[in-house]
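Enquirer: Contents of model-v3.txt (compact mmCIF, C-alpha atoms and all ligand atoms) are below:
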```txt
# COMPACT_ATOMS: atom_id res chain seq x y z
CA HIS Q 1 -145.17 -89.22 36.30
CA TYR Q 2 -147.61 -89.70 33.55
CA TRP Q 3 -149.43 -92.88 34.50
CA PHE Q 4 -151.21 -91.77 37.63
CA SER Q 5 -152.01 -88.34 36.28
CA GLN Q 6 -154.24 -89.99 33.73
CA THR Q 7 -157.70 -88.84 34.64
CA ASN Q 8 -160.24 -91.44 35.53
CA LYS Q 9 -162.89 -91.90 32.89
CA HIS Q 10 -165.54 -90.70 35.36
CA ALA Q 11 -163.62 -87.78 36.77
CA ASN Q 12 -164.94 -85.26 34.29
CA LYS Q 13 -168.49 -86.34 34.92
CA ASN Q 14 -168.22 -85.45 38.61
CA ILE Q 15 -169.17 -88.91 39.73
CA THR Q 16 -167.90 -90.08 43.09
CA LEU Q 17 -166.77 -93.68 42.77
CA PRO Q 18 -167.60 -96.21 45.50
CA ASN Q 19 -164.94 -98.04 47.45
CA CYS Q 20 -163.86 -101.30 45.82
CA THR Q 21 -165.16 -104.60 47.14
CA LEU Q 22 -163.86 -108.07 46.37
CA PRO Q 23 -165.66 -110.09 43.70
CA PRO Q 24 -167.59 -113.07 45.18
CA ASP Q 25 -166.04 -115.67 42.88
CA LEU Q 26 -162.46 -115.73 44.16
CA GLY Q 27 -161.06 -119.26 44.39
CA PRO Q 28 -158.27 -121.61 43.30
CA TYR Q 29 -156.06 -120.03 40.68
CA ASN Q 30 -154.89 -121.82 37.57
CA ILE Q 31 -151.23 -120.86 37.25
CA GLN Q 32 -149.70 -121.06 33.78
CA LEU Q 33 -146.05 -122.01 33.77
CA ASN Q 34 -145.61 -122.48 30.04
CA VAL Q 35 -145.76 -118.92 28.91
CA PRO Q 36 -144.84 -118.43 25.23
CA LEU Q 37 -142.19 -115.79 24.79
CA ASP Q 38 -144.41 -113.44 22.82
CA ASN Q 39 -147.55 -114.00 24.88
CA GLU Q 40 -147.73 -111.08 27.27
CA PHE Q 41 -150.84 -110.56 29.35
CA LYS Q 42 -152.84 -107.82 27.65
CA ASN Q 43 -155.10 -105.31 29.28
CA GLU Q 44 -155.88 -102.18 27.33
CA ARG Q 45 -156.48 -100.06 30.41
CA MET Q 46 -153.13 -100.86 31.97
CA SER Q 47 -150.62 -98.07 31.78
CA PHE Q 48 -146.99 -98.49 30.83
CA GLY Q 49 -144.70 -99.49 33.68
CA GLY Q 50 -147.03 -102.19 35.02
CA HIS Q 51 -149.47 -99.96 36.89
CA ASN Q 52 -153.14 -100.59 37.13
CA LYS Q 53 -156.10 -99.51 39.20
CA PRO Q 54 -159.77 -100.45 39.10
CA GLU Q 55 -161.84 -98.38 36.72
CA ASN Q 56 -165.12 -98.22 38.58
CA CYS Q 57 -164.15 -98.04 42.23
CA ILE Q 58 -161.59 -96.61 44.60
CA ALA Q 59 -159.10 -99.06 46.13
CA LEU Q 60 -158.12 -98.13 49.69
CA GLN Q 61 -154.64 -99.57 49.49
CA LYS Q 62 -152.08 -98.40 46.99
CA ILE Q 63 -149.76 -101.32 46.59
CA ALA Q 64 -146.18 -101.37 45.36
CA ILE Q 65 -144.97 -104.85 44.57
CA VAL Q 66 -141.19 -104.93 44.81
CA ILE Q 67 -139.14 -107.77 43.29
CA PRO Q 68 -135.38 -108.27 43.84
CA PHE Q 69 -133.82 -109.27 40.55
CA ARG Q 70 -130.81 -110.40 38.53
CA ASN Q 71 -130.70 -112.84 35.60
CA ARG Q 72 -134.11 -114.41 36.13
CA GLU Q 73 -135.87 -113.35 32.93
CA SER Q 74 -137.78 -116.61 32.48
CA HIS Q 75 -139.20 -116.47 36.00
CA LEU Q 76 -140.12 -112.82 35.63
CA LYS Q 77 -142.06 -113.60 32.46
CA ILE Q 78 -144.07 -116.29 34.24
CA TRP Q 79 -144.60 -114.12 37.31
CA LEU Q 80 -145.93 -111.19 35.27
CA HIS Q 81 -148.13 -113.35 33.10
CA ASN Q 82 -149.88 -114.81 36.13
CA MET Q 83 -149.80 -111.93 38.59
CA HIS Q 84 -151.35 -109.13 36.54
CA PRO Q 85 -154.66 -110.99 36.08
CA PHE Q 86 -154.48 -112.17 39.72
CA LEU Q 87 -154.04 -108.64 41.10
CA GLN Q 88 -156.66 -107.18 38.80
CA LYS Q 89 -159.16 -109.81 39.87
CA GLN Q 90 -158.54 -108.65 43.45
CA GLN Q 91 -159.36 -105.07 42.40
CA ALA Q 92 -155.92 -103.84 43.36
CA ASP Q 93 -154.45 -100.40 42.73
CA TYR Q 94 -150.86 -101.48 42.19
CA GLY Q 95 -147.51 -101.01 40.48
CA ILE Q 96 -144.78 -103.59 39.80
CA TYR Q 97 -141.17 -102.61 40.56
CA VAL Q 98 -138.35 -104.93 39.53
CA ILE Q 99 -135.12 -103.82 41.19
CA GLU Q 100 -132.14 -105.15 39.28
CA GLN Q 101 -128.67 -105.43 40.76
CA HIS Q 102 -126.00 -104.34 38.28
CA GLY Q 103 -122.81 -106.40 37.89
CA ASN Q 104 -121.67 -109.77 39.22
CA LEU Q 105 -120.80 -109.01 42.81
CA PRO Q 106 -122.63 -110.90 45.59
CA PHE Q 107 -126.40 -110.51 45.46
CA ASN Q 108 -128.08 -108.47 48.19
CA ARG Q 109 -131.82 -109.19 48.15
CA ALA Q 110 -132.65 -107.11 51.22
CA LYS Q 111 -130.88 -103.99 50.03
CA LEU Q 112 -132.62 -104.22 46.66
CA LEU Q 113 -135.97 -104.37 48.46
CA ASN Q 114 -135.14 -101.27 50.52
CA ILE Q 115 -134.27 -99.51 47.26
CA GLY Q 116 -137.57 -100.61 45.73
CA TYR Q 117 -139.45 -99.05 48.64
CA LYS Q 118 -137.69 -95.71 48.09
CA GLU Q 119 -137.92 -95.70 44.31
CA ALA Q 120 -141.62 -96.65 44.27
CA LEU Q 121 -142.45 -93.79 46.62
CA LYS Q 122 -140.93 -91.35 44.14
CA GLU Q 123 -143.77 -92.24 41.73
CA TYR Q 124 -146.95 -92.56 43.75
CA ASP Q 125 -148.19 -92.37 47.34
CA TYR Q 126 -148.10 -96.10 47.95
CA ASN Q 127 -149.23 -97.14 51.42
CA CYS Q 128 -148.65 -100.88 51.15
CA PHE Q 129 -145.49 -102.68 50.06
CA ILE Q 130 -145.38 -106.31 49.06
CA PHE Q 131 -141.84 -107.63 48.78
CA SER Q 132 -141.93 -110.69 46.56
CA ASP Q 133 -139.39 -113.11 45.14
CA VAL Q 134 -139.62 -113.49 41.38
CA ASP Q 135 -140.36 -117.21 41.53
CA ILE Q 136 -143.33 -117.32 43.92
CA ILE Q 137 -146.94 -117.33 42.72
CA PRO Q 138 -150.10 -117.75 44.83
CA MET Q 139 -152.40 -120.65 43.98
CA ASP Q 140 -155.63 -119.17 45.33
CA GLN Q 141 -157.23 -115.80 44.56
CA ARG Q 142 -158.49 -115.56 48.14
CA ASN Q 143 -154.88 -115.04 49.17
CA LEU Q 144 -155.22 -111.28 49.29
CA TYR Q 145 -152.25 -109.28 48.11
CA ARG Q 146 -152.95 -106.60 50.70
CA CYS Q 147 -151.42 -105.18 53.84
CA SER Q 148 -152.88 -105.84 57.26
CA THR Q 149 -152.72 -104.61 60.86
CA ASN Q 150 -149.43 -106.47 61.32
CA PRO Q 151 -146.71 -107.38 58.81
CA LYS Q 152 -147.88 -110.37 56.83
CA HIS Q 153 -145.97 -113.45 55.74
CA MET Q 154 -147.47 -114.81 52.54
CA ALA Q 155 -145.12 -117.61 51.44
CA HIS Q 156 -145.59 -120.08 54.30
CA ALA Q 157 -147.51 -122.81 52.45
CA LEU Q 158 -145.24 -123.64 49.53
CA ASP Q 159 -145.81 -126.62 47.25
CA LYS Q 160 -142.13 -127.58 47.53
CA PHE Q 161 -142.52 -127.96 51.32
CA ASN Q 162 -145.84 -129.82 51.10
CA PHE Q 163 -147.71 -126.62 51.98
CA ARG Q 164 -146.31 -126.64 55.52
CA LEU Q 165 -144.53 -123.92 57.45
CA LEU Q 166 -140.87 -125.00 57.70
CA TYR Q 167 -140.18 -123.22 60.98
CA ALA Q 168 -142.15 -120.78 63.12
CA THR Q 169 -140.01 -117.72 62.48
CA LEU Q 170 -139.80 -118.18 58.70
CA PHE Q 171 -140.39 -114.84 57.00
CA GLY Q 172 -139.01 -115.20 53.46
CA GLY Q 173 -140.45 -115.29 49.95
CA VAL Q 174 -143.30 -112.79 50.10
CA VAL Q 175 -144.06 -110.32 52.91
CA ALA Q 176 -146.45 -107.36 53.10
CA PHE Q 177 -145.87 -104.18 55.13
CA THR Q 178 -147.82 -100.97 55.34
CA LYS Q 179 -145.62 -97.92 54.94
CA GLU Q 180 -145.84 -97.28 58.70
CA GLN Q 181 -144.90 -100.85 59.58
CA PHE Q 182 -141.90 -100.75 57.25
CA LEU Q 183 -140.69 -97.44 58.68
CA LYS Q 184 -141.13 -98.79 62.19
CA VAL Q 185 -138.57 -101.56 61.51
CA ASN Q 186 -136.27 -99.24 59.51
CA GLY Q 187 -136.75 -101.54 56.50
CA PHE Q 188 -134.44 -104.49 55.86
CA SER Q 189 -130.79 -104.68 56.89
CA ASN Q 190 -128.42 -103.60 54.09
CA LEU Q 191 -125.62 -105.86 55.29
CA PHE Q 192 -126.64 -109.34 54.08
CA TRP Q 193 -124.64 -110.24 50.97
CA GLY Q 194 -125.30 -113.64 49.41
CA TRP Q 195 -127.88 -116.22 50.34
CA GLY Q 196 -129.69 -116.43 53.65
CA GLY Q 197 -130.41 -114.69 56.92
CA GLU Q 198 -131.89 -111.40 55.70
CA ASP Q 199 -135.43 -112.76 56.08
CA ASP Q 200 -134.75 -113.95 59.65
CA ASP Q 201 -133.26 -110.55 60.42
CA LEU Q 202 -136.46 -108.87 59.24
CA TYR Q 203 -138.49 -111.21 61.45
CA LYS Q 204 -136.41 -110.13 64.46
CA ARG Q 205 -136.97 -106.48 63.58
CA VAL Q 206 -140.73 -106.96 63.51
CA ILE Q 207 -140.75 -108.61 66.95
CA THR Q 208 -138.30 -106.06 68.40
CA ALA Q 209 -140.58 -103.26 67.19
CA GLY Q 210 -143.45 -104.83 69.16
CA MET Q 211 -145.39 -106.18 66.19
CA GLN Q 212 -146.39 -109.72 65.27
CA ILE Q 213 -146.45 -111.74 62.08
CA GLU Q 214 -149.77 -112.54 60.45
CA ARG Q 215 -150.37 -115.56 58.26
CA MET Q 216 -153.57 -116.53 56.51
CA ASN Q 217 -154.70 -120.15 56.71
CA ASN Q 218 -152.79 -122.81 54.80
CA ILE Q 219 -155.55 -123.62 52.33
CA ILE Q 220 -155.91 -120.20 50.79
CA SER Q 221 -152.19 -119.52 51.19
CA LYS Q 222 -151.13 -122.40 48.97
CA THR Q 223 -148.28 -121.12 46.85
CA LYS Q 224 -146.22 -122.27 43.89
CA ALA Q 225 -142.45 -121.89 44.11
CA ILE Q 226 -140.86 -122.34 40.69
CA PRO Q 227 -137.99 -124.84 41.10
CA HIS Q 228 -134.52 -123.48 40.36
CA LYS Q 229 -130.84 -123.96 41.13
CA ARG Q 230 -128.91 -121.58 43.33
CA ASP Q 231 -127.75 -118.60 41.24
CA PRO Q 232 -124.10 -117.78 40.73
CA GLY Q 233 -123.24 -114.77 42.89
CA ASN Q 234 -125.69 -115.81 45.60
CA GLU Q 235 -123.59 -118.24 47.60
CA ASP Q 236 -124.31 -118.84 51.30
CA ASN Q 237 -123.54 -115.79 53.37
CA PRO Q 238 -120.92 -116.77 55.99
CA LYS Q 239 -121.65 -113.63 58.01
CA SER Q 240 -125.34 -114.18 58.48
CA GLU Q 241 -125.12 -115.87 61.92
CA PRO Q 242 -123.06 -113.14 63.61
CA LEU Q 243 -125.26 -110.48 62.02
CA LEU Q 244 -128.42 -112.20 63.23
CA GLU Q 245 -127.12 -112.32 66.79
CA LYS Q 246 -127.07 -108.53 66.84
CA ALA Q 247 -130.19 -107.97 64.77
CA ALA Q 248 -132.11 -106.11 67.46
CA ARG Q 249 -129.19 -103.86 68.37
CA ARG Q 250 -128.44 -102.96 64.76
CA MET Q 251 -131.90 -102.31 63.43
CA TYR Q 252 -132.15 -98.59 64.09
CA THR Q 253 -128.82 -97.76 62.44
CA ASP Q 254 -128.81 -100.28 59.57
CA GLY Q 255 -131.71 -100.05 57.16
CA LEU Q 256 -133.71 -97.39 55.33
CA ASN Q 257 -131.92 -94.63 57.23
CA SER Q 258 -128.46 -95.83 56.17
CA LEU Q 259 -129.30 -96.91 52.63
CA ASN Q 260 -126.98 -95.73 49.86
CA TYR Q 261 -126.77 -96.85 46.26
CA THR Q 262 -126.17 -95.50 42.79
CA PHE Q 263 -129.24 -95.19 40.62
CA ILE Q 264 -128.37 -96.17 37.03
CA ARG Q 265 -131.63 -95.97 35.14
CA VAL Q 266 -135.34 -96.66 35.20
CA MET Q 267 -136.97 -98.54 32.32
CA LYS Q 268 -140.69 -98.51 31.77
CA HIS Q 269 -141.73 -101.83 30.26
CA ARG Q 270 -145.30 -102.56 29.39
CA LEU Q 271 -145.81 -104.91 32.34
CA TYR Q 272 -143.35 -103.52 34.90
CA THR Q 273 -140.99 -100.78 35.90
CA LYS Q 274 -137.38 -101.86 36.11
CA VAL Q 275 -134.90 -99.90 38.19
CA LEU Q 276 -131.24 -100.74 37.59
CA VAL Q 277 -128.95 -99.94 40.51
CA ASP Q 278 -125.35 -100.29 41.60
CA ILE Q 279 -125.48 -101.34 45.23
CA GLY Q 280 -121.75 -101.61 45.88
CA LYS Q 281 -120.07 -104.58 47.51
CA PRO Q 282 -119.66 -106.23 50.90
CA GLU Q 283 -117.46 -104.24 53.29
C1 LIG M 301 -135.36 -118.30 50.30
C2 LIG M 301 -136.46 -117.29 50.64
C3 LIG M 301 -136.05 -115.94 50.06
C4 LIG M 301 -134.74 -115.47 50.65
C5 LIG M 301 -133.67 -116.55 50.42
C6 LIG M 301 -132.40 -116.28 51.18
C7 LIG M 301 -138.67 -118.29 50.81
C8 LIG M 301 -139.82 -118.85 50.08
N1 LIG M 301 -137.69 -117.75 50.07
O1 LIG M 301 -135.42 -118.40 48.87
O2 LIG M 301 -137.03 -114.97 50.27
O3 LIG M 301 -134.89 -115.17 52.01
O4 LIG M 301 -134.12 -117.85 50.84
O5 LIG M 301 -131.73 -115.16 50.73
O6 LIG M 301 -138.65 -118.30 52.03
N2 LIG M 301 -132.61 -113.41 42.93
C9 LIG M 301 -132.36 -113.06 41.61
N3 LIG M 301 -131.17 -113.36 41.05
C10 LIG M 301 -130.19 -114.00 41.74
C11 LIG M 301 -130.43 -114.37 43.07
C12 LIG M 301 -131.66 -114.08 43.64
O7 LIG M 301 -133.23 -112.46 40.94
O8 LIG M 301 -129.11 -114.23 41.16
C13 LIG M 301 -133.88 -112.98 43.58
C14 LIG M 301 -135.11 -113.65 43.01
O9 LIG M 301 -136.21 -112.77 43.13
C15 LIG M 301 -135.25 -114.84 43.95
C16 LIG M 301 -134.87 -114.21 45.30
O10 LIG M 301 -133.85 -113.28 44.98
O11 LIG M 301 -136.53 -115.37 43.93
C17 LIG M 301 -134.44 -115.19 46.39
O12 LIG M 301 -133.35 -115.98 45.96
P1 LIG M 301 -133.48 -117.56 45.80
O13 LIG M 301 -134.70 -117.84 45.02
O14 LIG M 301 -132.22 -118.14 45.33
O15 LIG M 301 -133.67 -118.05 47.29
P2 LIG M 301 -134.56 -119.25 47.86
O16 LIG M 301 -135.45 -119.82 46.85
O17 LIG M 301 -133.69 -120.21 48.59
```
Show this structure as C-alpha cells.
Expert:
Amino acid sequence: HYWFSQTNKHANKNITLPNCTLPPDLGPYNIQLNVPLDNEFKNERMSFGGHNKPENCIALQKIAIVIPFRNRESHLKIWLHNMHPFLQKQQADYGIYVIEQHGNLPFNRAKLLNIGYKEALKEYDYNCFIFSDVDIIPMDQRNLYRCSTNPKHMAHALDKFNFRLLYATLFGGVVAFTKEQFLKVNGFSNLFWGWGGEDDDLYKRVITAGMQIERMNNIISKTKAIPHKRDPGNEDNPKSEPLLEKAARRMYTDGLNSLNYTFIRVMKHRLYTKVLVDIGKPE
C-alpha cells in the first residue's frame, strides 16, 4: 500500500534516525467533545487512511488501533479529533482501523476486533494492537498507547465509574496486546453476539495462557467515556454465561484460527481506514 512506502524525508540523505523518546511535557489532556462537523484535525504529514509516524525518529512499536463500529458516527468524529493529536504527541507510529459491521443483525464486537487484527496486518507489519471502543478517550497524555510485557487494560479508571475499577477481572473498553500476546490467546472468541461477556472471555484467555493483566495507576489512566444509550441490535447476550463457563476449553478452537467473514470493501478516509464486513449471524 502506498502510505508506508512513502520514503522518509531523510532516507535519501542516508541519515540514520534515532529511536523516538517521549516528550517531557506529557500531562492532563484537554478533551474536546464539541467538535464542529467540518472541523477535522489537520496534519499535513499524515497520510490518507489515518496513518502517521514520527518524522525525525524511529518508533519501536507499530501500533494498529482497531475500533468495532456500527452507527456511531458522532462518537467516531470526537474520537478521531482527540486521538490523532494525542497519539502524535506520544510519538506513535500508528494506523486507525474502523471495522464496520454490515446490516442489522446482532452486533459482535469481539469478532469485529479479530477481523481488524487480520485486516491491519495486510497493510503493515504492526506489532502492537490496541482494541478500543469508539466512545473512550484518555484524559492524560502519560497514559501511553503502547503495548507492554503483558496484555494491558487501559479503561479501568472511567469518569462514569468515579475513576474506580468496577471489578478485578474487568477487561473491556480498551486493551493492548502485542502480536505475540494476541496469537497466544487465539484472539477474541467469535461467538459472542450482542452485549456483554466477550471482554470477560478475553480475560479468561489471558489467564489461561499464563499471562497477567497490567494496569497503569489510576491517576494517569483517567478516562472519559462518552455517555450513550444501548444501541439497537446490541441487546444483552443470553448465551454469555454458558459460553464463559467453557472459556478456557474453547479458546484454542474459537478465535483467530476459526475466524470467517465476508470482506465487503475498504475505504480510505483522511483520518481512518474503514473496513466494511459481513460477519454473518448467531448460529
Ligand atoms: C462495555 C465495555 C465494552 C464491551 C461491552 C460489552 C468498558 C469500558 N466497555 O461497554 O468494551 O465489553 O461492555 O459488549 O468496559 N458499538 C457500535 N455500534 C453498536 C454497538 C456497539 O459501534 O451498535 C461499538 C462501539 O465501539 C462501542 C462498543 O462497540 O463503544 C461497545 O459497545 P457499548 O458502548 O454499547 O458497550 P458499553 O459501553 O456497555
Enquirer: Taking into account all atoms listed in the file, which residue in the set Q:Glu119, Q:Asp133, Q:Glu283, Q:Glu214 is nearest to Trp193 of chain Q?
Expert: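 Among Q:Glu119, Q:Asp133, Q:Glu283, Q:Glu214, it is Q:Glu283 that comes nearest to Trp193 of chain Q.
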Enquirer: Would you mind telling me which residue in Q:Lys184, Q:Met154, Q:Lys118, Q:Ile65 lies nearest to Phe131 of chain Q when using all atoms listed in the file?
Expert: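 Ranked by minimum distance to Phe131 of chain Q, first place goes to Q:Ile65.
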Enquirer: So which one's closest to Glu235 of chain Q, Q:Gln101, Q:Thr178, Q:Ile219, Q:Gly196? Using all atoms listed in the file, please.
Expert: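 That would be Q:Gly196, the residue with the smallest distance to Glu235 of chain Q.
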Enquirer: Let me have all residues with an atom within 6 Å of ligand LIG 301 (chain M), counting only C-alpha atoms and all ligand atoms, laid out as a PDB file with C-alpha atoms, in the coordinates of the input.
Expert:
```
ATOM      1  CA  ILE Q  67    -139.140-107.770  43.290  1.00  0.00           C
ATOM      2  CA  PRO Q  68    -135.380-108.270  43.840  1.00  0.00           C
ATOM      3  CA  PHE Q  69    -133.820-109.270  40.550  1.00  0.00           C
ATOM      4  CA  ARG Q  70    -130.810-110.400  38.530  1.00  0.00           C
ATOM      5  CA  ASN Q  71    -130.700-112.840  35.600  1.00  0.00           C
ATOM      6  CA  ARG Q  72    -134.110-114.410  36.130  1.00  0.00           C
ATOM      7  CA  ARG Q 109    -131.820-109.190  48.150  1.00  0.00           C
ATOM      8  CA  ASP Q 133    -139.390-113.110  45.140  1.00  0.00           C
ATOM      9  CA  VAL Q 134    -139.620-113.490  41.380  1.00  0.00           C
ATOM     10  CA  ASP Q 135    -140.360-117.210  41.530  1.00  0.00           C
ATOM     11  CA  ALA Q 155    -145.120-117.610  51.440  1.00  0.00           C
ATOM     12  CA  GLY Q 172    -139.010-115.200  53.460  1.00  0.00           C
ATOM     13  CA  GLY Q 173    -140.450-115.290  49.950  1.00  0.00           C
ATOM     14  CA  TRP Q 195    -127.880-116.220  50.340  1.00  0.00           C
ATOM     15  CA  GLY Q 196    -129.690-116.430  53.650  1.00  0.00           C
ATOM     16  CA  ASP Q 199    -135.430-112.760  56.080  1.00  0.00           C
ATOM     17  CA  ARG Q 230    -128.910-121.580  43.330  1.00  0.00           C
ATOM     18  CA  ASP Q 231    -127.750-118.600  41.240  1.00  0.00           C
ATOM     19  CA  ASN Q 234    -125.690-115.810  45.600  1.00  0.00           C
TER      20      ASN Q 234
END
```
Enquirer: Between Q:Leu202, Q:Ile136, Q:Val175, Q:Leu243, which has the minimum distance to Ala225 of chain Q (counting all atoms listed in the file)?
Expert: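 So, comparing all the options, the nearest one is Q:Ile136.
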Enquirer: Which residues are near Lys281 of chain Q? Cut-off 9 Å, only C-alpha atoms, ignore same chain within fewer than 4 positions. Put them as an MDAnalysis selection string.
Expert: chainID Q and resid 105:108 193
Enquirer: Nearest to Leu191 of chain Q among Q:His228, Q:Lys222, Q:Arg250, Q:Lys204, with distances taken over only C-alpha atoms: which residue is it?
Expert: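 Closest to Leu191 of chain Q of all the choices is Q:Arg250.
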Enquirer: Would you mind reading off the distance between atom CA of Thr16 of chain Q and atom CA of Arg146 of chain Q, one decimal, in Å?
Expert: 23.5 Å
Enquirer: Taking into account all atoms listed in the file, which residue in the set Q:Gly280, Q:Leu76, Q:Val266, Q:Asn82 is nearest to Glu123 of chain Q?
Expert: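 Closest to Glu123 of chain Q of all the choices is Q:Val266.
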Enquirer: Name the residues in contact with Ala248 of chain Q at a cut-off of 12 Å, using only C-alpha atoms, excluding same-chain residues fewer than 5 positions from it; report them as a PyMOL selection string.
Expert: chain Q and resi 185-186+188-189+200-210+243+253-255
